[in-house]
Amino acid sequence: MFVPVVDSNQRPLMPTTSSRARRWIKLGKATGFWKRGVFCVRLNVEPSNCITQPIAVGIDPGSKREGFSVKSQAQTYLNILAHAVDWVKDAVETRRNMRRTRRGRKTPCRQPRTNRLVNTERLPPSTKARWQWKLRICWWLSKMFPVTAFVVEDIKARTWKNSRKWNVLFSPLEVGKSWFYNQLCQLGILKTKSGLETKELRDSLGLKKTKNKLAEKFEAHNVDSWVLANWYALGHQEPDNTNLLVIVPLRFHRRQIHRLEHTLGSVRPRYGGTISAGFKRGSIVRHQKYGLCYVGGFMESATKKQPERKVISLHSLETGKRLTQNALPTDINFLCYNSWRTRCAS
């Protein structure tokens, strides 16, 4: 197990082993901290060597699951199996339907604005959320590792022969690909490989890929991402690290005036938001009883001694299951901000 290392200016250095990281912390040479679910160390002294090796990040995009592998010539540091963001399309449709019902009521309302997005180049909300999610993970990895290049499997939408140009927009994976590539070029060198080339690299190493795309196994998506990273970094004929870090994005509900419909008596209950009693939702915290967990919603639990007391719900990092609804803010130790939950899968 390797631990990411950064210097005092937050510049990423070559990762180190967990035993050496513990020794640095014990001697006061480094300070441990959490970087969105991954434990890292920050050096308190000048590093003995700032030379870094080429590190490649292999990316295997998908509609439901996605694979990321961080590898150098000597080691495979991290394999990530990420769940895709797939709820935006339904949320936009619900918002559109509720807006139409509000405009149909016989109540005073503003006149509809003109469509300001006509003849403008933009991505659909669901497609943009998918590619932004990939970009966030790449940005997160570049803050922990001195990434040199990103190797992406270039996806293609299945189109009919001699069809119109807009036929390529039918695939949610094809739309926004060029936008993602332009953004990724700002983080490092970009290399692309077609699906056929990835298969040839995989077959040359004697590796097999499972047909179950939803399986939390190395052979589902990370075998392709590892092959792509190994093509750039070289050094191995078979995977030296098949452990997976599963990342599930958290869904945050923004502040809403009403939950879909007017409640009885025109009461507006509190719903949505990203702050729970002073803690940002999704943040990783340590509780005296439940250990490492993340912050969910909150509610007011008034007592005679504390009429304005607020309690927070805490959730498990591995399963997302709610552990308690009555955690006091004074019993919580904040560790780091987070917008996804992580768990290890061997």
# chains A, B, ... in the order shown; residues from 1 in each chain; ligands from 1
call {"tool": "residues_around", "arguments": {"residues": "range 305-320 of chain A", "least_positions_apart": "3", "cutoff": "12 Å", "atoms": "only C-alpha atoms", "output": "JSON, numbers by chain"}}
result
{"A": [36, 37, 245, 246, 247, 248, 249, 250, 251, 275, 276, 277, 278, 279, 280, 281, 282, 283, 284, 285, 286, 287, 288, 289, 290, 291, 292, 293, 294, 295, 296, 297, 298, 299, 300, 301, 302, 323, 324, 325, 326, 327, 328, 329, 330, 331, 332, 338, 339, 340, 341, 342, 343, 344, 345]}
call {"tool": "closest_atom_pairs", "arguments": {"of": "range 44-65 of chain A", "to": "range 2-16 of chain A", "cutoff": "7 Å", "atoms": "only C-alpha atoms", "output": "tab-separated table"}}
result
residue	atom	partner	partner_atom	distance
A:Asn44	CA	A:Ser8	CA	6.2
A:Cys50	CA	A:Leu13	CA	6.9
A:Thr52	CA	A:Met14	CA	6.0
call {"tool": "write_last_selection", "arguments": {"atoms": "C-alpha atoms", "output": "PDB file, in the first residue's frame"}}
result
ATOM      1  CA  ASN A  44       7.450  19.261   7.314  1.00  0.00           C
ATOM      2  CA  CYS A  50      12.503  16.166  -5.752  1.00  0.00           C
ATOM      3  CA  THR A  52       9.866  12.379  -9.996  1.00  0.00           C
TER       4      THR A  52
END
call {"tool": "residues_around", "arguments": {"residues": "range 144-156 of chain A", "least_positions_apart": "3", "cutoff": "8 Å", "atoms": "only C-alpha atoms", "output": "short mmCIF file (atom, residue, chain, number, x, y, z; two decimals) with N, CA, C and O atoms, in the first residue's frame"}}
result
data_model
loop_
_atom_site.label_atom_id
_atom_site.label_comp_id
_atom_site.auth_asym_id
_atom_site.auth_seq_id
_atom_site.Cartn_x
_atom_site.Cartn_y
_atom_site.Cartn_z
N PRO A 4 0.31 8.74 -0.86
CA PRO A 4 0.74 9.93 -1.59
C PRO A 4 1.48 10.91 -0.68
O PRO A 4 1.15 11.05 0.51
N VAL A 5 2.45 11.61 -1.26
CA VAL A 5 3.29 12.54 -0.51
C VAL A 5 3.27 13.89 -1.22
O VAL A 5 3.39 13.96 -2.45
N VAL A 6 3.12 14.96 -0.44
CA VAL A 6 3.22 16.32 -0.96
C VAL A 6 4.20 17.08 -0.08
O VAL A 6 4.42 16.74 1.09
N PRO A 12 2.87 17.65 -5.39
CA PRO A 12 2.96 16.20 -5.22
C PRO A 12 4.36 15.68 -5.52
O PRO A 12 5.03 16.13 -6.47
N LEU A 13 4.79 14.71 -4.71
CA LEU A 13 6.05 14.02 -4.89
C LEU A 13 5.76 12.53 -5.11
O LEU A 13 4.61 12.11 -5.17
N MET A 14 6.80 11.75 -5.24
CA MET A 14 6.62 10.32 -5.44
C MET A 14 6.03 9.68 -4.18
O MET A 14 6.43 10.03 -3.06
N PRO A 15 5.09 8.77 -4.33
CA PRO A 15 4.47 8.12 -3.15
C PRO A 15 5.50 7.29 -2.38
O PRO A 15 6.56 6.92 -2.90
N CYS A 40 -2.99 10.87 3.02
CA CYS A 40 -1.75 11.40 2.44
C CYS A 40 -0.87 11.95 3.57
O CYS A 40 -1.31 12.08 4.72
N THR A 52 11.04 13.24 -9.88
CA THR A 52 9.87 12.38 -10.00
C THR A 52 9.97 11.53 -11.26
O THR A 52 10.55 11.95 -12.26
N PRO A 54 8.06 9.38 -14.44
CA PRO A 54 6.83 9.54 -15.23
C PRO A 54 5.71 8.65 -14.68
O PRO A 54 5.88 7.46 -14.48
N ILE A 55 4.57 9.26 -14.43
CA ILE A 55 3.40 8.56 -13.91
C ILE A 55 2.25 8.79 -14.89
O ILE A 55 1.98 9.93 -15.28
N ALA A 56 1.60 7.72 -15.26
CA ALA A 56 0.48 7.78 -16.21
C ALA A 56 -0.80 7.37 -15.50
O ALA A 56 -0.80 6.52 -14.61
N VAL A 57 -1.89 7.98 -15.94
CA VAL A 57 -3.23 7.64 -15.46
C VAL A 57 -4.01 7.07 -16.64
O VAL A 57 -4.26 7.76 -17.62
N GLY A 58 -4.35 5.79 -16.55
CA GLY A 58 -5.17 5.16 -17.56
C GLY A 58 -6.64 5.31 -17.25
O GLY A 58 -7.05 5.15 -16.09
N ILE A 59 -7.45 5.65 -18.23
CA ILE A 59 -8.88 5.93 -18.04
C ILE A 59 -9.68 5.07 -18.99
O ILE A 59 -9.46 5.10 -20.21
N ASP A 60 -10.62 4.31 -18.43
CA ASP A 60 -11.54 3.49 -19.22
C ASP A 60 -12.95 4.01 -18.97
O ASP A 60 -13.57 3.66 -17.98
N PRO A 61 -13.50 4.87 -19.85
CA PRO A 61 -14.83 5.42 -19.62
C PRO A 61 -15.91 4.36 -19.77
O PRO A 61 -15.73 3.33 -20.42
N TRP A 140 -8.28 15.47 -9.01
CA TRP A 140 -7.98 14.96 -7.67
C TRP A 140 -6.71 14.12 -7.67
O TRP A 140 -5.86 14.24 -6.78
N LEU A 141 -6.54 13.27 -8.69
CA LEU A 141 -5.34 12.44 -8.77
C LEU A 141 -4.09 13.27 -9.04
O LEU A 141 -3.01 12.97 -8.52
N LEU A 173 -21.84 8.94 -24.16
CA LEU A 173 -20.39 8.88 -24.01
C LEU A 173 -19.66 9.63 -25.10
O LEU A 173 -18.52 10.05 -24.93
N GLU A 174 -20.31 9.79 -26.26
CA GLU A 174 -19.65 10.48 -27.37
C GLU A 174 -19.73 11.99 -27.24
O GLU A 174 -18.78 12.71 -27.55
N LEU A 184 -8.55 18.17 -20.21
CA LEU A 184 -7.53 17.27 -19.71
C LEU A 184 -6.13 17.66 -20.18
O LEU A 184 -5.14 17.38 -19.49
N GLY A 188 -2.05 17.70 -18.15
CA GLY A 188 -0.89 16.91 -18.53
C GLY A 188 -0.97 16.49 -19.99
O GLY A 188 -1.83 16.95 -20.75
N ILE A 189 -0.08 15.60 -20.37
CA ILE A 189 -0.05 15.08 -21.73
C ILE A 189 -1.25 14.16 -21.94
O ILE A 189 -1.58 13.34 -21.08
N LEU A 190 -1.90 14.29 -23.09
CA LEU A 190 -3.07 13.47 -23.40
C LEU A 190 -2.73 12.50 -24.53
O LEU A 190 -2.25 12.90 -25.58
N LYS A 191 -2.99 11.23 -24.28
CA LYS A 191 -2.84 10.18 -25.28
C LYS A 191 -4.17 9.42 -25.35
O LYS A 191 -4.81 9.19 -24.34
N THR A 192 -4.55 9.03 -26.55
CA THR A 192 -5.79 8.28 -26.74
C THR A 192 -5.49 6.97 -27.46
O THR A 192 -4.59 6.90 -28.30
N LYS A 193 -6.28 5.97 -27.13
CA LYS A 193 -6.21 4.66 -27.78
C LYS A 193 -7.63 4.22 -28.09
O LYS A 193 -8.54 4.40 -27.27
N SER A 194 -7.82 3.66 -29.25
CA SER A 194 -9.14 3.15 -29.61
C SER A 194 -9.42 1.86 -28.85
O SER A 194 -8.52 1.25 -28.26
N GLY A 195 -10.68 1.43 -28.88
CA GLY A 195 -11.04 0.21 -28.20
C GLY A 195 -10.34 -1.02 -28.77
O GLY A 195 -9.96 -1.94 -28.03
N THR A 198 -6.78 -1.04 -27.47
CA THR A 198 -6.76 -1.48 -26.07
C THR A 198 -6.88 -3.00 -25.98
O THR A 198 -6.21 -3.64 -25.16
N SER A 225 -7.87 0.10 -17.98
CA SER A 225 -7.18 1.30 -17.53
C SER A 225 -5.73 1.00 -17.15
O SER A 225 -4.83 1.80 -17.41
N LEU A 228 -3.69 0.61 -20.38
CA LEU A 228 -3.39 1.91 -20.99
C LEU A 228 -2.27 2.63 -20.25
O LEU A 228 -1.38 3.23 -20.87
N ALA A 229 -2.32 2.59 -18.91
CA ALA A 229 -1.26 3.24 -18.13
C ALA A 229 0.07 2.52 -18.31
O ALA A 229 1.14 3.15 -18.39
N TYR A 232 2.07 3.45 -21.49
CA TYR A 232 2.86 4.68 -21.44
C TYR A 232 4.03 4.54 -20.47
O TYR A 232 5.16 4.93 -20.79
#
call {"tool": "residues_around", "arguments": {"residues": "range 233-243 of chain A", "least_positions_apart": "6", "cutoff": "9 Å", "atoms": "only C-alpha atoms", "output": "PDB file with all heavy atoms, in the first residue's frame"}}
result
ATOM      1  N   PRO A  54       8.061   9.377 -14.440  1.00  0.00           N
ATOM      2  CA  PRO A  54       6.829   9.538 -15.234  1.00  0.00           C
ATOM      3  C   PRO A  54       5.713   8.653 -14.677  1.00  0.00           C
ATOM      4  O   PRO A  54       5.885   7.456 -14.485  1.00  0.00           O
ATOM      5  CB  PRO A  54       7.257   9.102 -16.640  1.00  0.00           C
ATOM      6  CG  PRO A  54       8.747   9.246 -16.659  1.00  0.00           C
ATOM      7  CD  PRO A  54       9.210   8.948 -15.265  1.00  0.00           C
ATOM      8  N   ILE A  55       4.573   9.260 -14.425  1.00  0.00           N
ATOM      9  CA  ILE A  55       3.397   8.565 -13.911  1.00  0.00           C
ATOM     10  C   ILE A  55       2.249   8.793 -14.886  1.00  0.00           C
ATOM     11  O   ILE A  55       1.980   9.932 -15.281  1.00  0.00           O
ATOM     12  CB  ILE A  55       3.023   9.053 -12.502  1.00  0.00           C
ATOM     13  CG1 ILE A  55       4.114   8.659 -11.498  1.00  0.00           C
ATOM     14  CG2 ILE A  55       1.690   8.484 -12.064  1.00  0.00           C
ATOM     15  CD1 ILE A  55       3.819   9.089 -10.078  1.00  0.00           C
ATOM     16  N   ALA A  56       1.596   7.725 -15.255  1.00  0.00           N
ATOM     17  CA  ALA A  56       0.484   7.785 -16.207  1.00  0.00           C
ATOM     18  C   ALA A  56      -0.802   7.373 -15.505  1.00  0.00           C
ATOM     19  O   ALA A  56      -0.800   6.525 -14.611  1.00  0.00           O
ATOM     20  CB  ALA A  56       0.735   6.878 -17.408  1.00  0.00           C
ATOM     21  N   LYS A  71      -0.095   4.626 -12.414  1.00  0.00           N
ATOM     22  CA  LYS A  71       1.021   3.693 -12.516  1.00  0.00           C
ATOM     23  C   LYS A  71       2.283   4.394 -12.975  1.00  0.00           C
ATOM     24  O   LYS A  71       2.235   5.310 -13.802  1.00  0.00           O
ATOM     25  CB  LYS A  71       0.670   2.561 -13.502  1.00  0.00           C
ATOM     26  CG  LYS A  71       1.708   1.461 -13.587  1.00  0.00           C
ATOM     27  CD  LYS A  71       1.355   0.465 -14.661  1.00  0.00           C
ATOM     28  CE  LYS A  71       2.409  -0.642 -14.712  1.00  0.00           C
ATOM     29  NZ  LYS A  71       3.753  -0.105 -14.967  1.00  0.00           N
ATOM     30  N   SER A  72       3.397   3.954 -12.438  1.00  0.00           N
ATOM     31  CA  SER A  72       4.717   4.344 -12.918  1.00  0.00           C
ATOM     32  C   SER A  72       5.409   3.099 -13.467  1.00  0.00           C
ATOM     33  O   SER A  72       4.817   2.021 -13.537  1.00  0.00           O
ATOM     34  CB  SER A  72       5.542   4.977 -11.791  1.00  0.00           C
ATOM     35  OG  SER A  72       5.845   4.014 -10.797  1.00  0.00           O
ATOM     36  N   GLN A  73       6.656   3.229 -13.838  1.00  0.00           N
ATOM     37  CA  GLN A  73       7.375   2.080 -14.358  1.00  0.00           C
ATOM     38  C   GLN A  73       7.618   1.017 -13.292  1.00  0.00           C
ATOM     39  O   GLN A  73       7.669  -0.175 -13.592  1.00  0.00           O
ATOM     40  CB  GLN A  73       8.716   2.531 -14.951  1.00  0.00           C
ATOM     41  CG  GLN A  73       9.495   1.419 -15.639  1.00  0.00           C
ATOM     42  CD  GLN A  73      10.788   1.909 -16.262  1.00  0.00           C
ATOM     43  OE1 GLN A  73      11.154   3.068 -16.116  1.00  0.00           O
ATOM     44  NE2 GLN A  73      11.478   1.028 -16.971  1.00  0.00           N
ATOM     45  N   ALA A  74       7.719   1.454 -12.034  1.00  0.00           N
ATOM     46  CA  ALA A  74       8.056   0.508 -10.966  1.00  0.00           C
ATOM     47  C   ALA A  74       6.841  -0.049 -10.246  1.00  0.00           C
ATOM     48  O   ALA A  74       6.828  -1.219  -9.859  1.00  0.00           O
ATOM     49  CB  ALA A  74       8.986   1.185  -9.946  1.00  0.00           C
ATOM     50  N   GLN A  75       5.784   0.770 -10.058  1.00  0.00           N
ATOM     51  CA  GLN A  75       4.670   0.354  -9.218  1.00  0.00           C
ATOM     52  C   GLN A  75       3.348   0.797  -9.806  1.00  0.00           C
ATOM     53  O   GLN A  75       3.278   1.773 -10.567  1.00  0.00           O
ATOM     54  CB  GLN A  75       4.810   0.946  -7.804  1.00  0.00           C
ATOM     55  CG  GLN A  75       6.068   0.573  -7.060  1.00  0.00           C
ATOM     56  CD  GLN A  75       6.077  -0.872  -6.611  1.00  0.00           C
ATOM     57  OE1 GLN A  75       5.041  -1.533  -6.568  1.00  0.00           O
ATOM     58  NE2 GLN A  75       7.249  -1.377  -6.253  1.00  0.00           N
ATOM     59  N   THR A  76       2.293   0.090  -9.408  1.00  0.00           N
ATOM     60  CA  THR A  76       0.913   0.526  -9.635  1.00  0.00           C
ATOM     61  C   THR A  76       0.402   1.061  -8.317  1.00  0.00           C
ATOM     62  O   THR A  76       0.204   0.316  -7.356  1.00  0.00           O
ATOM     63  CB  THR A  76       0.031  -0.637 -10.121  1.00  0.00           C
ATOM     64  OG1 THR A  76       0.569  -1.154 -11.341  1.00  0.00           O
ATOM     65  CG2 THR A  76      -1.391  -0.160 -10.363  1.00  0.00           C
ATOM     66  N   TYR A  77       0.172   2.362  -8.244  1.00  0.00           N
ATOM     67  CA  TYR A  77      -0.121   3.004  -6.972  1.00  0.00           C
ATOM     68  C   TYR A  77      -1.598   2.936  -6.593  1.00  0.00           C
ATOM     69  O   TYR A  77      -1.925   2.775  -5.416  1.00  0.00           O
ATOM     70  CB  TYR A  77       0.325   4.473  -7.018  1.00  0.00           C
ATOM     71  CG  TYR A  77       1.796   4.637  -7.257  1.00  0.00           C
ATOM     72  CD1 TYR A  77       2.266   5.237  -8.422  1.00  0.00           C
ATOM     73  CD2 TYR A  77       2.724   4.190  -6.338  1.00  0.00           C
ATOM     74  CE1 TYR A  77       3.621   5.382  -8.650  1.00  0.00           C
ATOM     75  CE2 TYR A  77       4.084   4.337  -6.558  1.00  0.00           C
ATOM     76  CZ  TYR A  77       4.521   4.930  -7.718  1.00  0.00           C
ATOM     77  OH  TYR A  77       5.865   5.060  -7.949  1.00  0.00           O
ATOM     78  N   LEU A  78      -2.490   3.020  -7.562  1.00  0.00           N
ATOM     79  CA  LEU A  78      -3.903   3.113  -7.216  1.00  0.00           C
ATOM     80  C   LEU A  78      -4.757   2.658  -8.385  1.00  0.00           C
ATOM     81  O   LEU A  78      -4.480   3.007  -9.543  1.00  0.00           O
ATOM     82  CB  LEU A  78      -4.255   4.564  -6.840  1.00  0.00           C
ATOM     83  CG  LEU A  78      -5.639   4.824  -6.260  1.00  0.00           C
ATOM     84  CD1 LEU A  78      -5.836   4.066  -4.958  1.00  0.00           C
ATOM     85  CD2 LEU A  78      -5.855   6.315  -6.034  1.00  0.00           C
ATOM     86  N   ASN A  79      -5.796   1.873  -8.081  1.00  0.00           N
ATOM     87  CA  ASN A  79      -6.817   1.473  -9.046  1.00  0.00           C
ATOM     88  C   ASN A  79      -8.169   1.939  -8.520  1.00  0.00           C
ATOM     89  O   ASN A  79      -8.541   1.598  -7.389  1.00  0.00           O
ATOM     90  CB  ASN A  79      -6.827  -0.046  -9.250  1.00  0.00           C
ATOM     91  CG  ASN A  79      -5.568  -0.558  -9.916  1.00  0.00           C
ATOM     92  OD1 ASN A  79      -5.127  -0.028 -10.925  1.00  0.00           O
ATOM     93  ND2 ASN A  79      -4.972  -1.599  -9.346  1.00  0.00           N
ATOM     94  N   ILE A  80      -8.887   2.695  -9.326  1.00  0.00           N
ATOM     95  CA  ILE A  80     -10.164   3.284  -8.908  1.00  0.00           C
ATOM     96  C   ILE A  80     -11.265   2.756  -9.806  1.00  0.00           C
ATOM     97  O   ILE A  80     -11.143   2.772 -11.040  1.00  0.00           O
ATOM     98  CB  ILE A  80     -10.112   4.821  -8.975  1.00  0.00           C
ATOM     99  CG1 ILE A  80      -9.089   5.362  -7.975  1.00  0.00           C
ATOM    100  CG2 ILE A  80     -11.485   5.415  -8.705  1.00  0.00           C
ATOM    101  CD1 ILE A  80      -8.922   6.856  -8.032  1.00  0.00           C
ATOM    102  N   LEU A 205      -0.680  -9.131 -23.436  1.00  0.00           N
ATOM    103  CA  LEU A 205      -0.240  -9.455 -22.079  1.00  0.00           C
ATOM    104  C   LEU A 205      -0.945 -10.678 -21.510  1.00  0.00           C
ATOM    105  O   LEU A 205      -0.670 -11.072 -20.370  1.00  0.00           O
ATOM    106  CB  LEU A 205      -0.479  -8.251 -21.158  1.00  0.00           C
ATOM    107  CG  LEU A 205       0.288  -6.969 -21.503  1.00  0.00           C
ATOM    108  CD1 LEU A 205      -0.107  -5.835 -20.567  1.00  0.00           C
ATOM    109  CD2 LEU A 205       1.787  -7.204 -21.452  1.00  0.00           C
ATOM    110  N   GLY A 206      -1.869 -11.249 -22.271  1.00  0.00           N
ATOM    111  CA  GLY A 206      -2.579 -12.431 -21.804  1.00  0.00           C
ATOM    112  C   GLY A 206      -3.618 -12.145 -20.750  1.00  0.00           C
ATOM    113  O   GLY A 206      -3.947 -13.029 -19.950  1.00  0.00           O
ATOM    114  N   LEU A 207      -4.172 -10.949 -20.734  1.00  0.00           N
ATOM    115  CA  LEU A 207      -5.187 -10.576 -19.745  1.00  0.00           C
ATOM    116  C   LEU A 207      -6.578 -10.729 -20.341  1.00  0.00           C
ATOM    117  O   LEU A 207      -6.778 -10.546 -21.540  1.00  0.00           O
ATOM    118  CB  LEU A 207      -4.968  -9.133 -19.276  1.00  0.00           C
ATOM    119  CG  LEU A 207      -3.595  -8.838 -18.651  1.00  0.00           C
ATOM    120  CD1 LEU A 207      -3.484  -7.364 -18.310  1.00  0.00           C
ATOM    121  CD2 LEU A 207      -3.375  -9.692 -17.409  1.00  0.00           C
ATOM    122  N   LYS A 217     -14.718  -5.905  -9.773  1.00  0.00           N
ATOM    123  CA  LYS A 217     -13.520  -6.702  -9.964  1.00  0.00           C
ATOM    124  C   LYS A 217     -12.529  -5.931 -10.826  1.00  0.00           C
ATOM    125  O   LYS A 217     -12.905  -5.049 -11.593  1.00  0.00           O
ATOM    126  CB  LYS A 217     -13.855  -8.041 -10.641  1.00  0.00           C
ATOM    127  CG  LYS A 217     -14.773  -8.938  -9.838  1.00  0.00           C
ATOM    128  CD  LYS A 217     -15.035 -10.238 -10.574  1.00  0.00           C
ATOM    129  CE  LYS A 217     -15.947 -11.161  -9.778  1.00  0.00           C
ATOM    130  NZ  LYS A 217     -16.210 -12.417 -10.513  1.00  0.00           N
ATOM    131  N   PHE A 218     -11.279  -6.320 -10.704  1.00  0.00           N
ATOM    132  CA  PHE A 218     -10.239  -5.679 -11.504  1.00  0.00           C
ATOM    133  C   PHE A 218     -10.438  -5.953 -12.988  1.00  0.00           C
ATOM    134  O   PHE A 218     -10.115  -5.111 -13.829  1.00  0.00           O
ATOM    135  CB  PHE A 218      -8.867  -6.193 -11.048  1.00  0.00           C
ATOM    136  CG  PHE A 218      -7.715  -5.596 -11.796  1.00  0.00           C
ATOM    137  CD1 PHE A 218      -7.194  -4.370 -11.433  1.00  0.00           C
ATOM    138  CD2 PHE A 218      -7.136  -6.269 -12.870  1.00  0.00           C
ATOM    139  CE1 PHE A 218      -6.128  -3.814 -12.125  1.00  0.00           C
ATOM    140  CE2 PHE A 218      -6.074  -5.732 -13.565  1.00  0.00           C
ATOM    141  CZ  PHE A 218      -5.561  -4.497 -13.194  1.00  0.00           C
ATOM    142  N   GLU A 219     -11.015  -7.110 -13.315  1.00  0.00           N
ATOM    143  CA  GLU A 219     -11.194  -7.500 -14.710  1.00  0.00           C
ATOM    144  C   GLU A 219     -12.362  -6.801 -15.381  1.00  0.00           C
ATOM    145  O   GLU A 219     -12.574  -6.987 -16.587  1.00  0.00           O
ATOM    146  CB  GLU A 219     -11.393  -9.016 -14.812  1.00  0.00           C
ATOM    147  CG  GLU A 219     -10.178  -9.833 -14.423  1.00  0.00           C
ATOM    148  CD  GLU A 219     -10.006  -9.954 -12.920  1.00  0.00           C
ATOM    149  OE1 GLU A 219     -10.957  -9.552 -12.204  1.00  0.00           O
ATOM    150  OE2 GLU A 219      -8.954 -10.440 -12.478  1.00  0.00           O
ATOM    151  N   ASN A 222     -10.886  -1.946 -14.740  1.00  0.00           N
ATOM    152  CA  ASN A 222      -9.525  -1.536 -14.412  1.00  0.00           C
ATOM    153  C   ASN A 222      -8.466  -2.312 -15.164  1.00  0.00           C
ATOM    154  O   ASN A 222      -7.316  -1.874 -15.226  1.00  0.00           O
ATOM    155  CB  ASN A 222      -9.298  -1.669 -12.903  1.00  0.00           C
ATOM    156  CG  ASN A 222     -10.110  -0.683 -12.100  1.00  0.00           C
ATOM    157  OD1 ASN A 222     -11.212  -0.993 -11.661  1.00  0.00           O
ATOM    158  ND2 ASN A 222      -9.595   0.520 -11.941  1.00  0.00           N
ATOM    159  N   VAL A 223      -8.819  -3.454 -15.739  1.00  0.00           N
ATOM    160  CA  VAL A 223      -7.832  -4.154 -16.557  1.00  0.00           C
ATOM    161  C   VAL A 223      -7.492  -3.333 -17.796  1.00  0.00           C
ATOM    162  O   VAL A 223      -6.331  -3.286 -18.236  1.00  0.00           O
ATOM    163  CB  VAL A 223      -8.361  -5.561 -16.932  1.00  0.00           C
ATOM    164  CG1 VAL A 223      -9.633  -5.468 -17.763  1.00  0.00           C
ATOM    165  CG2 VAL A 223      -7.298  -6.355 -17.671  1.00  0.00           C
ATOM    166  N   TRP A 226      -5.488  -0.181 -16.561  1.00  0.00           N
ATOM    167  CA  TRP A 226      -4.105  -0.551 -16.219  1.00  0.00           C
ATOM    168  C   TRP A 226      -3.284  -0.795 -17.475  1.00  0.00           C
ATOM    169  O   TRP A 226      -2.108  -0.403 -17.542  1.00  0.00           O
ATOM    170  CB  TRP A 226      -4.113  -1.806 -15.346  1.00  0.00           C
ATOM    171  CG  TRP A 226      -2.750  -2.196 -14.860  1.00  0.00           C
ATOM    172  CD1 TRP A 226      -2.133  -1.785 -13.725  1.00  0.00           C
ATOM    173  CD2 TRP A 226      -1.820  -3.069 -15.525  1.00  0.00           C
ATOM    174  NE1 TRP A 226      -0.876  -2.336 -13.627  1.00  0.00           N
ATOM    175  CE2 TRP A 226      -0.661  -3.141 -14.727  1.00  0.00           C
ATOM    176  CE3 TRP A 226      -1.860  -3.800 -16.707  1.00  0.00           C
ATOM    177  CZ2 TRP A 226       0.441  -3.904 -15.079  1.00  0.00           C
ATOM    178  CZ3 TRP A 226      -0.758  -4.558 -17.060  1.00  0.00           C
ATOM    179  CH2 TRP A 226       0.372  -4.608 -16.254  1.00  0.00           C
ATOM    180  N   VAL A 227      -3.881  -1.425 -18.473  1.00  0.00           N
ATOM    181  CA  VAL A 227      -3.166  -1.680 -19.726  1.00  0.00           C
ATOM    182  C   VAL A 227      -2.789  -0.361 -20.396  1.00  0.00           C
ATOM    183  O   VAL A 227      -1.678  -0.212 -20.932  1.00  0.00           O
ATOM    184  CB  VAL A 227      -4.032  -2.556 -20.644  1.00  0.00           C
ATOM    185  CG1 VAL A 227      -3.504  -2.525 -22.070  1.00  0.00           C
ATOM    186  CG2 VAL A 227      -4.055  -3.995 -20.147  1.00  0.00           C
ATOM    187  N   CYS A 344     -12.846   0.037   0.006  1.00  0.00           N
ATOM    188  CA  CYS A 344     -11.831  -0.806  -0.616  1.00  0.00           C
ATOM    189  C   CYS A 344     -12.463  -2.140  -1.005  1.00  0.00           C
ATOM    190  O   CYS A 344     -13.266  -2.715  -0.262  1.00  0.00           O
ATOM    191  CB  CYS A 344     -10.657  -1.040   0.336  1.00  0.00           C
ATOM    192  SG  CYS A 344      -9.729   0.450   0.724  1.00  0.00           S
ATOM    193  N   ALA A 345     -12.107  -2.614  -2.180  1.00  0.00           N
ATOM    194  CA  ALA A 345     -12.577  -3.918  -2.666  1.00  0.00           C
ATOM    195  C   ALA A 345     -11.378  -4.657  -3.219  1.00  0.00           C
ATOM    196  O   ALA A 345     -10.698  -4.163  -4.124  1.00  0.00           O
ATOM    197  CB  ALA A 345     -13.654  -3.750  -3.733  1.00  0.00           C
ATOM    198  N   SER A 346     -11.076  -5.824  -2.664  1.00  0.00           N
ATOM    199  CA  SER A 346      -9.922  -6.603  -3.097  1.00  0.00           C
ATOM    200  C   SER A 346     -10.306  -7.445  -4.307  1.00  0.00           C
ATOM    201  O   SER A 346     -11.448  -7.860  -4.457  1.00  0.00           O
ATOM    202  CB  SER A 346      -9.435  -7.498  -1.960  1.00  0.00           C
ATOM    203  OG  SER A 346     -10.452  -8.371  -1.526  1.00  0.00           O
TER     204      SER A 346
END
call {"tool": "select_by_dssp", "arguments": {"residues": "range 44-84 of chain A", "states": "strand (DSSP E)", "output": "list of chain:residue names"}}
result
A:Ala56, A:Val57, A:Gly58, A:Ile59, A:Asp60, A:Arg65, A:Glu66, A:Gly67, A:Phe68, A:Ser69, A:Val70, A:Lys71, A:Thr76, A:Tyr77, A:Leu78, A:Asn79, A:Ile80, A:Leu81, A:Ala82, A:His83
call {"tool": "atom_distance", "arguments": {"atom1": "CA of Asn212 in chain A", "atom2": "CA of Arg136 in chain A"}}
result
25.8 Å
